[in-house]
Amino acid sequence: MTRLTLEQVTDFGDFTKGKDLTEFFKRAYSNISSQNCLSDVRLSPDGRHIHVIVRQPKSGLMTYDKYQRAHLMQCQKHVDLVLTRNVPIVDVIYIPQSKPDDAASVLGVIFENGKVEFWKFLECRSGWHLLQTVDLCNSPRAKVVSVSLCQNFIIWCEERPPSENSNSVCSNFRFCICKKTVDVNEGGVSLGNVNIALHNNPRYTTVSSGDLVYLLPDMRENSSVGVSKVFLVWSPERDTFNVQSACSVTVMKSSSKESDFKRLVTDFIGLLSTINPPDICGFSPTECGDLLLLLSTGWVCIMKRDGCLRNIYKLPDNCLSASGTQNSLNIYNEILALTIGRTLFLIDTKCGLELERISLKTEGLLFVNSLDSHSPQMLSETGLFVVTQIQKPSPTHSEDSSALLVQAVFEEACKYYQQRSLSSTQLTVEKLKKGGMFQAPISLAAILRDFLSNQKTKTGEKHSSGQERLMSSLESELRSLVLLEDIKTSMVKASEKDLENYCETLVQQEICRLLGGELDRENLQYLNSIFQLFPTYSWHAMQAVLHLRCNGEGSLSSKAPAELWKIILSPVQPTANFAHCNGQQKHTTMNLPVFELLCHSIFKFQPSWLPRFLELAQQQTGMSSSSSWSYGVKESSESLPLYKRALTVLPCKGSYQHLEVELLLCSERPKAIMQALRILIEQSQWERVTQVAEKFCRKSPLLNKEIFNALLCEVSQHRDLDPYLDLLWTLCPEDMTVTSILNIVLKNLPDSAQNLGPFEAHGSQVTIGLLKPLLRKVLQRETKPSHRYADILQSPTIPPLTPPRQPKGLYRDAEHQETKQRTSS
């Protein structure tokens with residue numbers, strides 16, 4: 001089995017002045033800001049030159065170079081890159097040669113005042129040589145704030161000096177986007193004329209990706225109209241702009257050749273107040289014109305050149321806030337490499353699967369080497385590293401492994417027999433070996449010796465059929481036992497670099513061993529201590545043991561056997577103590593049951609998985625939706641439903657009510673569903689309330705009636721549910737009558753004393769007009785409609801026709817004749 005790991009580049013040692021990379025960074029870090037130091041580090045496309053932009057206390061550029069031929073560095077004096085001016089540096093860019101035969105690129109150093117110095121590294125002449133100095137901007141008062149290279153264009157954002165009559169709002173739009181053609185030939189560097197592509201725009205960071213340029217808003221500049229919520233995608237060849245946002249999957253405005261920013265955003269200026277996109281915490285261009293984005297929500301997305309935003313991977317919750325702002329990301333072939341603080345994530349971009357998570361000693365900067373663009377490479381202050389594929393370390397059998405295992409067997413047997421012995425005499429290994437009454441550890445020791453001797457020789461005498469059956473039945477347990485002891489031995493002898501890998505493997509083996517057998521109180525305490533001492537390793541081990549996988553739709557899957565789930569979902573131990581908090585039971589003992597232990601780990605590292613894990617656990621218990629509709633069942637601490645056990649991991653402060661609602665709904669129990677519905681009603685999430693009501697009203701008639709009554713009470717008290725009344729009336733139970741509906745409405749009407757004025761301020765009272773569709777529906781459903789309520793629904797403008805009248809005498813004569821006829825018949 002292979003795994004991805006970081007390996008230091010050892011052939012990157014022939015540098016300027018014979019100094020190593022660590023000394024260079026120590027000297028460089030003493031001159032740059034320590035808060036976000038790697039943002040001022042640049043690497044050449046071929047990885048031979050490292051540049052550090054020094055901004056304080058004195059601006060400058062520190063360069064670290066690698067010679068391909070080491071003897072030139074030793075025989076000749078190295079020529080440093082020494083700038084000719086003391087002006088703040090904006091950035092450095094590498095301009096490729098027009099002739100592909102000449103591999104040496106030209107370095108352009110762009111200064112804030114618009115000057116550009118072009119340098120070239122000549123190994124035959126031992127260092128850097130200044131080619132020429134040119135002006136990038138036309139105006140001597142212009143100020144360059146960002147720059148990038150897109151094909152044969154130099155793109156930069158330029159700040160124009162504010163006019164005397166401009167206010168604070170106009171001063172935010174005093175920037176412009178410019179471009180100028182650049183060409184490198186034998187005579188030097190030639191630049192074209194300045195072309196202003198966009199003016200009156202806010203401050204932008206220019207990011208080149210393929211043939212496109214992304215203009216990302218600078219978060220340090222606050223705009224009064226909120227234009228920082230969107231960013232622009234510009235094609236320098238066609239001079240067209242697209243307006244996009246990090247919260248939408250469609251282009252807000254496409255293919256516009258407008259050169260005035262204010263006119264460009266006029267069409268959707270009203271839309272800016274309705275969207276709230278996440279902040280962009282990191283970005284990286286790709287070769288095909290796409291842009292990688294790290295958003296403040298924790299999602300790593302890729303913005304396609306056609307405007308589609310595709311999610312790739314979701315970071316663990318609170319990962320960005322805990323690791324600070326230092327991050328870098330890049331795509332290498334189909335692998336996404338992402339550094340957050342001192343953690344390196346390797347993600348498969350096709351399915352979003354996390355391939356590896358590597359802890360770093362210091363922060364790292366990912367870069368793409370043009371000579372090897374398929375391998376993730378990282379620069380840190382300790383050196384250069386490349387991600388390689390290696391074989392997982394397999395423990396080797398030492399000569400004394402047999403003796404160690406036999407000793408471990410007898411020590412475990414001593415512990416086992418001492419617990420069950422009525423004598424106060426202390427048992428020792430020597431007593432067990434000499435005494436004839438303890439045959440079990442002696443037999444097991446003999447089996448281990450035989451197993452290890454057969455493993456070493458791989459061939460041996462053929463045993464009897466009985467011994468063969470015994471060895472085959474015990475082979476898996478023996479292998480795991482030998483592997484566990486070898487890992488412990490390897491950890492004692494391992495270096496600091498390999499210790500972390502062995503520790504993670506050992507934690508996984510121990511958790512797998514504990515969950516593979518019957519858990520008593522002592523083993524449960526041991527399992528709790530593992531999760532407490534090694535939370536990160538336990539989280540990874542839990543995913544490996546349960547084979548947890550999260551698909552693109554957000555649901556979890558597990559390939560763990562049913563026996564393992566039976567141990568995990570075992571009832572709460574009666575020895576555990578409980579304390580109530582917000583109606584939920586909390587464990588007060590340190591020894592949590594296995595299910596609660598796993599829920600704690602999920603809540604700590606991936607809280608969004610908790611409801612999905614509860615669904616997965618309920619599927620394993622064989623609970624169907626039909627068997628969960630039970631009322632009045634008494635619950636004890638030994639028979640708590642899984643959703644209540646999962647709720648115990650949530651804090652009491654109520655900051656995770658969204659998780660509480662999801663857990664209650666996942667349980668599919670009537671009481672829990674009504675509790676979740678009340679929480680949503682308290683939060684006035686009416687759209688979510690109607691979704692829950694529509695989903696669960698179909699499950700049970702009793703639950704349907706409770707949900708409808710609760711919502712009808714809310715309709716009686718306010719008008720917030722008016723947009724959803726048509727949906728609510730469809731949920732009316734079959735046994736509801738007009739009388740019961742009117743009784744519920746009348747009982748829950750708000751107090752009229754609260755309305756001091758003759759007219760309602762916001763129209764909060766329910767009206768007959770609102771209830772008319774519901775009452776009409778209920779009346780139509782009844783077999784004998786009540787005429788008492790018909791006048792409420794029907795108010796005819798024309799009175800009904802009167803029946804024909806007859807004189808009283810004629811009517812009595814006709815009635816008398818009819819009575820005679822009946823009597824005679």
# chains A, B, ... in the order shown; residues from 1 in each chain; ligands from 1
call {"tool": "residues_around", "arguments": {"residues": "segment 696-712 of chain A", "least_positions_apart": "2", "cutoff": "8 Å", "atoms": "only C-alpha atoms", "output": "count of residues only"}}
result
15
call {"tool": "residues_around", "arguments": {"residues": "segment 225-236 of chain A", "least_positions_apart": "6", "cutoff": "7 Å", "atoms": "only C-alpha atoms", "output": "ChimeraX atom specification"}}
result
/A:211-217,242-245,272,277
call {"tool": "residues_around", "arguments": {"residues": "Thr339 of chain A", "least_positions_apart": "5", "cutoff": "8 Å", "atoms": "only C-alpha atoms", "output": "list in words"}}
result
Asn327, Ser328, Leu329, Leu344, Phe345, Glu363, Gly364, Leu365 and Leu366 of chain A
call {"tool": "atom_distance", "arguments": {"atom1": "atom CA of Gln619 of chain A", "atom2": "atom CA of Glu354 of chain A"}}
result
25.3 Å
call {"tool": "residues_around", "arguments": {"residues": "Glu112 of chain A", "least_positions_apart": "6", "cutoff": "12 Å", "atoms": "only C-alpha atoms", "output": "ChimeraX atom specification"}}
result
/A:55,59,85-92,135-137,140-147,156-159
call {"tool": "residues_around", "arguments": {"residues": "Cys176 of chain A", "least_positions_apart": "4", "cutoff": "8 Å", "atoms": "only C-alpha atoms", "output": "list in words"}}
result
Cys157, Glu158, Glu159, Arg160, Ile196, Ala197, Leu198, His199, Asn200, Asn201 and Pro202 of chain A
call {"tool": "write_last_selection", "arguments": {"atoms": "N, CA, C and O atoms", "output": "mmCIF file, in the first residue's frame"}}
result
data_model
loop_
_atom_site.group_PDB
_atom_site.id
_atom_site.type_symbol
_atom_site.label_atom_id
_atom_site.label_comp_id
_atom_site.auth_asym_id
_atom_site.auth_seq_id
_atom_site.Cartn_x
_atom_site.Cartn_y
_atom_site.Cartn_z
ATOM 1 N N CYS A 157 -2.592 47.335 -12.196
ATOM 2 C CA CYS A 157 -3.605 48.233 -11.648
ATOM 3 C C CYS A 157 -2.883 49.481 -11.161
ATOM 4 O O CYS A 157 -1.969 49.397 -10.337
ATOM 5 N N GLU A 158 -3.313 50.612 -11.647
ATOM 6 C CA GLU A 158 -2.607 51.879 -11.421
ATOM 7 C C GLU A 158 -3.497 52.834 -10.634
ATOM 8 O O GLU A 158 -4.689 52.958 -10.906
ATOM 9 N N GLU A 159 -2.915 53.475 -9.652
ATOM 10 C CA GLU A 159 -3.638 54.458 -8.852
ATOM 11 C C GLU A 159 -3.311 55.857 -9.349
ATOM 12 O O GLU A 159 -2.148 56.249 -9.429
ATOM 13 N N ARG A 160 -4.338 56.592 -9.694
ATOM 14 C CA ARG A 160 -4.181 57.964 -10.143
ATOM 15 C C ARG A 160 -4.291 58.903 -8.943
ATOM 16 O O ARG A 160 -5.048 58.623 -7.998
ATOM 17 N N ILE A 196 -5.380 51.787 -21.704
ATOM 18 C CA ILE A 196 -6.221 51.738 -20.499
ATOM 19 C C ILE A 196 -7.468 50.927 -20.828
ATOM 20 O O ILE A 196 -8.287 51.323 -21.654
ATOM 21 N N ALA A 197 -7.595 49.795 -20.190
ATOM 22 C CA ALA A 197 -8.730 48.914 -20.445
ATOM 23 C C ALA A 197 -9.940 49.254 -19.591
ATOM 24 O O ALA A 197 -11.076 49.032 -20.000
ATOM 25 N N LEU A 198 -9.716 49.762 -18.382
ATOM 26 C CA LEU A 198 -10.815 50.079 -17.469
ATOM 27 C C LEU A 198 -10.389 51.239 -16.584
ATOM 28 O O LEU A 198 -9.259 51.264 -16.095
ATOM 29 N N HIS A 199 -11.269 52.183 -16.383
ATOM 30 C CA HIS A 199 -10.950 53.308 -15.514
ATOM 31 C C HIS A 199 -12.110 53.555 -14.555
ATOM 32 O O HIS A 199 -13.198 53.000 -14.698
ATOM 33 N N ASN A 200 -11.837 54.387 -13.537
ATOM 34 C CA ASN A 200 -12.794 54.695 -12.463
ATOM 35 C C ASN A 200 -13.202 53.441 -11.689
ATOM 36 O O ASN A 200 -14.343 53.281 -11.253
ATOM 37 N N ASN A 201 -12.266 52.532 -11.501
ATOM 38 C CA ASN A 201 -12.553 51.282 -10.790
ATOM 39 C C ASN A 201 -11.892 51.310 -9.416
ATOM 40 O O ASN A 201 -10.977 52.088 -9.162
ATOM 41 N N PRO A 202 -12.351 50.448 -8.481
ATOM 42 C CA PRO A 202 -11.679 50.348 -7.176
ATOM 43 C C PRO A 202 -10.348 49.615 -7.308
ATOM 44 O O PRO A 202 -9.968 49.172 -8.391
#
call {"tool": "select_by_dssp", "arguments": {"residues": "segment 52-214 of chain A", "states": "alpha helix (DSSP H)", "output": "JSON, numbers by chain"}}
result
{"A": [70, 71, 72, 73, 74, 75, 168, 169, 170, 171]}
call {"tool": "residues_around", "arguments": {"residues": "Asn193 of chain A", "least_positions_apart": "6", "cutoff": "9 Å", "atoms": "only C-alpha atoms", "output": "compact mmCIF listing (two decimals) with all heavy atoms, in the first residue's frame"}}
result
# COMPACT_ATOMS: atom_id res chain seq x y z
N LYS A 179 -2.68 47.94 -19.72
CA LYS A 179 -1.91 46.85 -20.31
C LYS A 179 -0.91 47.42 -21.31
O LYS A 179 -1.10 48.51 -21.87
CB LYS A 179 -2.83 45.85 -21.00
CG LYS A 179 -3.50 46.36 -22.27
CD LYS A 179 -4.32 45.26 -22.95
CE LYS A 179 -4.98 45.80 -24.23
NZ LYS A 179 -5.73 44.76 -24.95
N LYS A 180 0.16 46.66 -21.50
CA LYS A 180 1.21 47.06 -22.42
C LYS A 180 1.88 45.80 -22.95
O LYS A 180 2.19 44.89 -22.18
CB LYS A 180 2.23 47.95 -21.71
CG LYS A 180 3.36 48.46 -22.59
CD LYS A 180 4.34 49.32 -21.81
CE LYS A 180 3.76 50.71 -21.58
NZ LYS A 180 4.78 51.66 -21.07
N THR A 181 2.09 45.73 -24.26
CA THR A 181 2.73 44.56 -24.84
C THR A 181 4.21 44.55 -24.47
O THR A 181 4.84 45.59 -24.28
CB THR A 181 2.58 44.57 -26.37
OG1 THR A 181 3.15 45.78 -26.89
CG2 THR A 181 1.12 44.49 -26.77
